[in-house]
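Down below is the structure, laid out as structure tokens.
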Amino acid sequence: MNTNEKEAPAQDDIETLLPWHAAGTLSRRDAQRVEDALARNPELARRYALVREELGETIHLNETLGAPSARAMEALFAKIDAEPKRTAMGGAGSLNLSSRFTGWLENLAPRTLAFAGGVAAIAILLQAGLIATIMVKQNPTSGFETASAPSTAPGVGAFTLIRFAPQASFDDINKFLEQNKLMIVSGPVAGGLYKVRVGDNTLSKDQIGEVVKKLQQDKVVGFIVTTQ
Amino acid sequence: MQTTSDEVLIARIAGGDRLAMQVLFARHHVRVFRFVLRLVRNEATAEDLISEVFLDIWRQAGKFEGRSAVSTWMLSIARFKALSALRRRQDDELDEETAERIEDHADDPETALAKKDKGAVLRQCLTALSAEHREVIDLVYYHEKSVEEVAEITGIPEATVKTRMFYARKKLSELLKQKGIDRGWP
């Protein structure tokens, strides 16, 4: 490339942000800065119209590129089938997924979050009210625990983080918890996740992996990972 | 309807779940293909490369740390594969030469007709940009990547991402001007 990219263009920072503003991928703070500048600067607003034009045509261009043939998928799975079999479920990819899940949420484009977040938030709020009832039922002492009762102490045992499927009813969740002898310890935290005790004693990584594998088959579970 | 997140799919793929791989492939292969195709400009090569990209995902799923979105990670792998293929081919004659070709044909009847459709001309000029400029424009406008994500995919500082995008747009305006469309910027 001929241009020295290390030299910043003689435009203010706001103008360089216009493409990301048009695509909806700026932080709320930066988006507000751009909005304010657009409102008071007609020339910037005119240039923003050019950016939006480019955005539309770039999408149009890419959408006309077509898709790969089935050959790509066939080639891929032929190679995968030739790979050595993996034995353990999960492996490194399933470990510490709760922190990864949070990171994933943070990395979603604001446009995606605005749509998906609105629908999910309503479902999570409704569900949270129902699950609070279950938690009260499961913890009638409202958090008071004796030191001599390790089986019910909140910090003892094996735990998972579960987000229940939005369509799961109160009865579904109640039945699921009873059948699997599970107890909701706390929640919901970010992403509608509940901390659920799956065993009174600490389990090995493999054992809890098996439990997670079994529980995630249930339609009530939208998302499940191990936690401490 | 509840869909499994990419994160969950990657965790399952790490455990050897072939079905999770199929879901991830179905969800992303078209966009990855288009990203690669815009870089290598050859459909057969792009198809070969997406198989390689997803094979890498299959092999490396256990190492995915979740510090970025799965799609960002996939595009990083795709970009590396595409650039390696371009280096192997050593015939990346398409950048400035393509722009010159467009300039040369600016007044032929076909182009004159295209002038009536500003959108078509703009798309033609988008195709004529250099690989670096096409890439940044596609990542921002089509793949909806933030400044930070583009920096991660391309391996350049965030400030350079903004500057590269600025110059890509500037070049686009110059190409449009050569085709008779003056946008009054820059």
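Letters A, B, ... go to the chains of the structure tokens in the order shown; residues in each chain start at 1; ligands are counted from 1 in the same order.
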
Could you pull out the alpha helix (DSSP H) residues of range 22-185 of chain B from DSSP and send them as a ChimeraX atom specification?
/B:22-40,43-60,70-89,96-104,109-115,118-128,131-137,147-154,158-178

Can you tell me, as a PDB file with N, CA and C atoms, in the first residue's frame, what residues are no more than 12 Å from range 17-26 of chain B when counting only C-alpha atoms, ignoring any on the same chain fewer than 3 positions away?
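See around-v6.pdb below for the written result:
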ATOM      1  N   ALA A  67     -22.734 -18.903  -2.646  1.00  0.00           N
ATOM      2  CA  ALA A  67     -22.311 -19.772  -1.541  1.00  0.00           C
ATOM      3  C   ALA A  67     -21.461 -20.901  -2.101  1.00  0.00           C
ATOM      4  N   PRO A  68     -20.672 -21.511  -1.249  1.00  0.00           N
ATOM      5  CA  PRO A  68     -19.845 -22.624  -1.740  1.00  0.00           C
ATOM      6  C   PRO A  68     -20.694 -23.849  -2.063  1.00  0.00           C
ATOM      7  N   ALA A  70     -21.546 -28.026  -2.222  1.00  0.00           N
ATOM      8  CA  ALA A  70     -21.513 -29.075  -1.183  1.00  0.00           C
ATOM      9  C   ALA A  70     -20.135 -29.719  -1.090  1.00  0.00           C
ATOM     10  N   ALA A  72     -17.346 -28.406  -0.514  1.00  0.00           N
ATOM     11  CA  ALA A  72     -16.567 -27.891   0.619  1.00  0.00           C
ATOM     12  C   ALA A  72     -16.888 -28.675   1.884  1.00  0.00           C
ATOM     13  N   MET A  73     -18.182 -28.919   2.101  1.00  0.00           N
ATOM     14  CA  MET A  73     -18.563 -29.642   3.313  1.00  0.00           C
ATOM     15  C   MET A  73     -18.120 -31.102   3.236  1.00  0.00           C
ATOM     16  N   GLU A  74     -18.277 -31.694   2.064  1.00  0.00           N
ATOM     17  CA  GLU A  74     -17.860 -33.098   1.905  1.00  0.00           C
ATOM     18  C   GLU A  74     -16.370 -33.245   2.172  1.00  0.00           C
ATOM     19  N   LEU A  76     -14.501 -31.299   3.953  1.00  0.00           N
ATOM     20  CA  LEU A  76     -14.227 -31.063   5.372  1.00  0.00           C
ATOM     21  C   LEU A  76     -14.489 -32.318   6.199  1.00  0.00           C
ATOM     22  N   PHE A  77     -15.677 -32.908   6.028  1.00  0.00           N
ATOM     23  CA  PHE A  77     -16.018 -34.045   6.881  1.00  0.00           C
ATOM     24  C   PHE A  77     -15.241 -35.320   6.515  1.00  0.00           C
ATOM     25  N   ALA A  78     -14.780 -35.390   5.294  1.00  0.00           N
ATOM     26  CA  ALA A  78     -13.886 -36.502   4.948  1.00  0.00           C
ATOM     27  C   ALA A  78     -12.584 -36.364   5.728  1.00  0.00           C
ATOM     28  N   LYS A  79     -12.102 -35.125   5.840  1.00  0.00           N
ATOM     29  CA  LYS A  79     -10.864 -34.885   6.596  1.00  0.00           C
ATOM     30  C   LYS A  79     -11.091 -35.121   8.090  1.00  0.00           C
ATOM     31  N   ILE A  80     -12.250 -34.673   8.578  1.00  0.00           N
ATOM     32  CA  ILE A  80     -12.552 -34.864  10.003  1.00  0.00           C
ATOM     33  C   ILE A  80     -12.645 -36.351  10.332  1.00  0.00           C
ATOM     34  N   ASP A  81     -13.281 -37.115   9.445  1.00  0.00           N
ATOM     35  CA  ASP A  81     -13.418 -38.555   9.682  1.00  0.00           C
ATOM     36  C   ASP A  81     -12.054 -39.251   9.680  1.00  0.00           C
ATOM     37  N   GLU A  83      -9.446 -37.911  10.967  1.00  0.00           N
ATOM     38  CA  GLU A  83      -8.716 -37.476  12.160  1.00  0.00           C
ATOM     39  C   GLU A  83      -8.818 -38.536  13.262  1.00  0.00           C
ATOM     40  N   LYS A  85      -9.850 -40.197  16.700  1.00  0.00           N
ATOM     41  CA  LYS A  85     -11.042 -40.002  17.538  1.00  0.00           C
ATOM     42  C   LYS A  85     -10.642 -39.327  18.849  1.00  0.00           C
ATOM     43  N   ARG A  86     -11.563 -38.476  19.330  1.00  0.00           N
ATOM     44  CA  ARG A  86     -11.324 -37.857  20.644  1.00  0.00           C
ATOM     45  C   ARG A  86     -12.095 -38.635  21.680  1.00  0.00           C
ATOM     46  N   THR A  87     -11.502 -38.751  22.858  1.00  0.00           N
ATOM     47  CA  THR A  87     -12.142 -39.592  23.883  1.00  0.00           C
ATOM     48  C   THR A  87     -12.946 -38.787  24.887  1.00  0.00           C
ATOM     49  N   ALA A  88     -12.327 -37.783  25.506  1.00  0.00           N
ATOM     50  CA  ALA A  88     -13.013 -37.066  26.590  1.00  0.00           C
ATOM     51  C   ALA A  88     -14.009 -36.067  26.045  1.00  0.00           C
ATOM     52  N   MET A  89     -15.142 -35.979  26.713  1.00  0.00           N
ATOM     53  CA  MET A  89     -16.141 -34.967  26.367  1.00  0.00           C
ATOM     54  C   MET A  89     -15.655 -33.630  26.909  1.00  0.00           C
ATOM     55  N   GLY A  90     -15.736 -32.645  26.095  1.00  0.00           N
ATOM     56  CA  GLY A  90     -15.411 -31.300  26.575  1.00  0.00           C
ATOM     57  C   GLY A  90     -13.968 -30.927  26.340  1.00  0.00           C
ATOM     58  N   GLY A  91     -13.054 -31.541  27.056  1.00  0.00           N
ATOM     59  CA  GLY A  91     -11.658 -31.158  26.947  1.00  0.00           C
ATOM     60  C   GLY A  91     -11.490 -29.720  27.393  1.00  0.00           C
ATOM     61  N   GLY A  93     -11.915 -27.113  25.869  1.00  0.00           N
ATOM     62  CA  GLY A  93     -12.932 -26.196  25.378  1.00  0.00           C
ATOM     63  C   GLY A  93     -14.114 -26.040  26.293  1.00  0.00           C
ATOM     64  N   LYS A 213     -23.074 -33.350  30.930  1.00  0.00           N
ATOM     65  CA  LYS A 213     -23.459 -33.989  29.665  1.00  0.00           C
ATOM     66  C   LYS A 213     -24.890 -34.527  29.755  1.00  0.00           C
TER      67      LYS A 213
ATOM     68  N   THR B   3     -31.453 -21.128  20.120  1.00  0.00           N
ATOM     69  CA  THR B   3     -30.352 -21.696  19.342  1.00  0.00           C
ATOM     70  C   THR B   3     -29.123 -21.812  20.223  1.00  0.00           C
ATOM     71  N   THR B   4     -28.341 -22.839  19.969  1.00  0.00           N
ATOM     72  CA  THR B   4     -27.124 -23.048  20.750  1.00  0.00           C
ATOM     73  C   THR B   4     -26.103 -21.992  20.368  1.00  0.00           C
ATOM     74  N   SER B   5     -25.466 -21.400  21.368  1.00  0.00           N
ATOM     75  CA  SER B   5     -24.488 -20.356  21.061  1.00  0.00           C
ATOM     76  C   SER B   5     -23.242 -20.960  20.420  1.00  0.00           C
ATOM     77  N   ASP B   6     -22.528 -20.120  19.696  1.00  0.00           N
ATOM     78  CA  ASP B   6     -21.274 -20.568  19.077  1.00  0.00           C
ATOM     79  C   ASP B   6     -20.297 -21.078  20.130  1.00  0.00           C
ATOM     80  N   GLU B   7     -20.305 -20.427  21.283  1.00  0.00           N
ATOM     81  CA  GLU B   7     -19.412 -20.836  22.379  1.00  0.00           C
ATOM     82  C   GLU B   7     -19.668 -22.280  22.790  1.00  0.00           C
ATOM     83  N   VAL B   8     -20.938 -22.593  22.931  1.00  0.00           N
ATOM     84  CA  VAL B   8     -21.303 -23.955  23.344  1.00  0.00           C
ATOM     85  C   VAL B   8     -20.912 -24.943  22.253  1.00  0.00           C
ATOM     86  N   LEU B   9     -21.141 -24.564  21.007  1.00  0.00           N
ATOM     87  CA  LEU B   9     -20.772 -25.452  19.894  1.00  0.00           C
ATOM     88  C   LEU B   9     -19.268 -25.730  19.911  1.00  0.00           C
ATOM     89  N   ILE B  10     -18.490 -24.694  20.149  1.00  0.00           N
ATOM     90  CA  ILE B  10     -17.031 -24.867  20.166  1.00  0.00           C
ATOM     91  C   ILE B  10     -16.624 -25.824  21.303  1.00  0.00           C
ATOM     92  N   ALA B  11     -17.267 -25.680  22.452  1.00  0.00           N
ATOM     93  CA  ALA B  11     -16.954 -26.581  23.573  1.00  0.00           C
ATOM     94  C   ALA B  11     -17.294 -28.025  23.202  1.00  0.00           C
ATOM     95  N   ARG B  12     -18.415 -28.198  22.509  1.00  0.00           N
ATOM     96  CA  ARG B  12     -18.790 -29.562  22.100  1.00  0.00           C
ATOM     97  C   ARG B  12     -17.840 -30.103  21.028  1.00  0.00           C
ATOM     98  N   ILE B  13     -17.441 -29.213  20.125  1.00  0.00           N
ATOM     99  CA  ILE B  13     -16.503 -29.636  19.072  1.00  0.00           C
ATOM    100  C   ILE B  13     -15.179 -30.075  19.709  1.00  0.00           C
ATOM    101  N   ALA B  14     -14.789 -29.352  20.759  1.00  0.00           N
ATOM    102  CA  ALA B  14     -13.547 -29.715  21.466  1.00  0.00           C
ATOM    103  C   ALA B  14     -13.628 -31.136  22.010  1.00  0.00           C
ATOM    104  N   HIS B  29     -20.483 -20.973   7.276  1.00  0.00           N
ATOM    105  CA  HIS B  29     -19.600 -21.223   6.127  1.00  0.00           C
ATOM    106  C   HIS B  29     -19.810 -20.253   4.966  1.00  0.00           C
ATOM    107  N   VAL B  30     -21.033 -19.746   4.812  1.00  0.00           N
ATOM    108  CA  VAL B  30     -21.262 -18.834   3.681  1.00  0.00           C
ATOM    109  C   VAL B  30     -20.508 -17.518   3.886  1.00  0.00           C
ATOM    110  N   ARG B  31     -20.605 -16.988   5.096  1.00  0.00           N
ATOM    111  CA  ARG B  31     -19.916 -15.723   5.368  1.00  0.00           C
ATOM    112  C   ARG B  31     -18.387 -15.888   5.301  1.00  0.00           C
ATOM    113  N   VAL B  32     -17.903 -17.008   5.822  1.00  0.00           N
ATOM    114  CA  VAL B  32     -16.455 -17.242   5.767  1.00  0.00           C
ATOM    115  C   VAL B  32     -16.023 -17.391   4.303  1.00  0.00           C
ATOM    116  N   PHE B  33     -16.850 -18.102   3.536  1.00  0.00           N
ATOM    117  CA  PHE B  33     -16.557 -18.285   2.110  1.00  0.00           C
ATOM    118  C   PHE B  33     -16.480 -16.926   1.399  1.00  0.00           C
ATOM    119  N   ILE B  50     -12.098 -22.860   2.765  1.00  0.00           N
ATOM    120  CA  ILE B  50     -13.040 -22.939   3.894  1.00  0.00           C
ATOM    121  C   ILE B  50     -13.021 -24.336   4.514  1.00  0.00           C
ATOM    122  N   SER B  51     -12.756 -25.354   3.729  1.00  0.00           N
ATOM    123  CA  SER B  51     -12.586 -26.688   4.318  1.00  0.00           C
ATOM    124  C   SER B  51     -11.411 -26.676   5.293  1.00  0.00           C
ATOM    125  N   GLU B  52     -10.344 -26.031   4.871  1.00  0.00           N
ATOM    126  CA  GLU B  52      -9.151 -25.952   5.730  1.00  0.00           C
ATOM    127  C   GLU B  52      -9.421 -25.129   6.984  1.00  0.00           C
ATOM    128  N   VAL B  53     -10.169 -24.037   6.806  1.00  0.00           N
ATOM    129  CA  VAL B  53     -10.493 -23.172   7.957  1.00  0.00           C
ATOM    130  C   VAL B  53     -11.269 -23.968   9.006  1.00  0.00           C
ATOM    131  N   PHE B  54     -12.321 -24.660   8.558  1.00  0.00           N
ATOM    132  CA  PHE B  54     -13.150 -25.388   9.515  1.00  0.00           C
ATOM    133  C   PHE B  54     -12.423 -26.627  10.071  1.00  0.00           C
ATOM    134  N   LEU B  55     -11.493 -27.156   9.305  1.00  0.00           N
ATOM    135  CA  LEU B  55     -10.697 -28.265   9.844  1.00  0.00           C
ATOM    136  C   LEU B  55      -9.808 -27.749  10.982  1.00  0.00           C
ATOM    137  N   ASP B  56      -9.267 -26.550  10.801  1.00  0.00           N
ATOM    138  CA  ASP B  56      -8.475 -25.937  11.880  1.00  0.00           C
ATOM    139  C   ASP B  56      -9.340 -25.699  13.106  1.00  0.00           C
ATOM    140  N   ILE B  57     -10.573 -25.271  12.879  1.00  0.00           N
ATOM    141  CA  ILE B  57     -11.491 -25.042  14.007  1.00  0.00           C
ATOM    142  C   ILE B  57     -11.743 -26.355  14.741  1.00  0.00           C
ATOM    143  N   TRP B  58     -11.943 -27.420  13.984  1.00  0.00           N
ATOM    144  CA  TRP B  58     -12.141 -28.752  14.572  1.00  0.00           C
ATOM    145  C   TRP B  58     -10.935 -29.140  15.432  1.00  0.00           C
ATOM    146  N   ARG B  59      -9.755 -28.885  14.900  1.00  0.00           N
ATOM    147  CA  ARG B  59      -8.534 -29.283  15.603  1.00  0.00           C
ATOM    148  C   ARG B  59      -8.223 -28.375  16.790  1.00  0.00           C
ATOM    149  N   ALA B  61     -10.386 -26.312  18.542  1.00  0.00           N
ATOM    150  CA  ALA B  61     -11.516 -25.889  19.378  1.00  0.00           C
ATOM    151  C   ALA B  61     -11.154 -25.931  20.862  1.00  0.00           C
ATOM    152  N   GLY B  62     -10.378 -26.907  21.261  1.00  0.00           N
ATOM    153  CA  GLY B  62      -9.991 -27.031  22.664  1.00  0.00           C
ATOM    154  C   GLY B  62      -9.096 -25.908  23.141  1.00  0.00           C
ATOM    155  N   VAL B  70     -16.603 -16.086  18.475  1.00  0.00           N
ATOM    156  CA  VAL B  70     -16.197 -17.227  17.655  1.00  0.00           C
ATOM    157  C   VAL B  70     -16.029 -16.782  16.195  1.00  0.00           C
ATOM    158  N   SER B  71     -16.940 -15.937  15.723  1.00  0.00           N
ATOM    159  CA  SER B  71     -16.858 -15.510  14.318  1.00  0.00           C
ATOM    160  C   SER B  71     -15.584 -14.718  14.054  1.00  0.00           C
ATOM    161  N   MET B  74     -12.837 -17.225  13.783  1.00  0.00           N
ATOM    162  CA  MET B  74     -12.924 -17.927  12.493  1.00  0.00           C
ATOM    163  C   MET B  74     -12.373 -17.056  11.357  1.00  0.00           C
TER     164      MET B  74
END

Interatomic distance (Å, one decimal) between CA of Val140 in chain B and CA of Leu86 in chain B
22.0 Å

Report as a list in words all protein, DNA and RNA residues lying within 9 Å of Phe223 in chain A, evaluated on only C-alpha atoms, omitting residues in the same chain fewer than 3 positions from it.
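My list of contacting residues is Leu161, Ile162, Arg163, Phe164, Ala165, Leu193 and Gln216 of chain A; Thr4, Ser5 and Val8 of chain B.
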
Output the selection as a tab-separated table (two decimals), in the first residue's frame - N, CA and C atoms for each residue.
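Output file again23.tsv follows:
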chain	number	residue	atom	x	y	z
A	161	LEU	N	-23.46	-23.80	36.40
A	161	LEU	CA	-24.25	-22.60	36.08
A	161	LEU	C	-25.23	-23.02	35.00
A	162	ILE	N	-26.49	-22.75	35.24
A	162	ILE	CA	-27.51	-23.15	34.27
A	162	ILE	C	-28.35	-21.94	33.87
A	163	ARG	N	-28.58	-21.82	32.58
A	163	ARG	CA	-29.61	-20.90	32.09
A	163	ARG	C	-30.74	-21.77	31.58
A	164	PHE	N	-31.91	-21.59	32.12
A	164	PHE	CA	-33.03	-22.41	31.70
A	164	PHE	C	-33.58	-21.91	30.36
A	165	ALA	N	-34.07	-22.84	29.57
A	165	ALA	CA	-34.64	-22.48	28.27
A	165	ALA	C	-35.80	-21.51	28.49
A	193	LEU	N	-28.14	-16.67	34.35
A	193	LEU	CA	-27.54	-17.93	34.83
A	193	LEU	C	-27.80	-18.13	36.32
A	216	GLN	N	-27.56	-31.50	30.15
A	216	GLN	CA	-27.77	-30.65	28.97
A	216	GLN	C	-28.66	-31.30	27.91
B	4	THR	N	-28.34	-22.84	19.97
B	4	THR	CA	-27.12	-23.05	20.75
B	4	THR	C	-26.10	-21.99	20.37
B	5	SER	N	-25.47	-21.40	21.37
B	5	SER	CA	-24.49	-20.36	21.06
B	5	SER	C	-23.24	-20.96	20.42
B	8	VAL	N	-20.94	-22.59	22.93
B	8	VAL	CA	-21.30	-23.95	23.34
B	8	VAL	C	-20.91	-24.94	22.25

Nearest candidate to chain A (options B:Trp73, B:Phe35, B:Phe80, B:Tyr141; using only C-alpha atoms)
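Using only C-alpha atoms, the shortest distance to chain A belongs to B:Tyr141.
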
Between A:Asp36, A:Glu15, A:Asp200, A:Asp172, which is the closest to chain B once you count only C-alpha atoms?
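Closest candidate: A:Glu15.
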
Could you check which of B:Thr127, B:Thr45, B:Thr154, B:Gln60 is closest to Arg79 in chain B, using only C-alpha atoms?
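Of B:Thr127, B:Thr45, B:Thr154, B:Gln60, the one nearest Arg79 in chain B, counting only C-alpha atoms, is B:Thr154.
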
Of A:Leu203, A:Val212, A:Val225, A:Val220, the one nearest to Leu177 in chain A when counting only C-alpha atoms is A:Val220

Could you give me, as a count of residues only, the residues within 10 Å of range 46-56 of chain A, counting only C-alpha atoms and dropping anything in the same chain fewer than 2 positions from it?
34

In Å, rounded to a single decimal, give me how far CA of Leu75 in chain B is from CA of Arg33 in chain A.
29.2 Å

When you count only C-alpha atoms, which of these residues is closest to chain B: A:Ile14, A:Asn62, A:Ser204, A:Val221?
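Nearest to chain B: A:Asn62.
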
Between CA of Val40 in chain B and CA of Lys179 in chain B, what is the distance, to one decimal in Å?
24.8 Å

Point out the residue among B:Lys177, B:Lys81, B:Arg34, B:Lys171 with the least atom-to-atom distance to chain A, counting only C-alpha atoms.
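With only C-alpha atoms as the atom set, the closest residue is B:Arg34.
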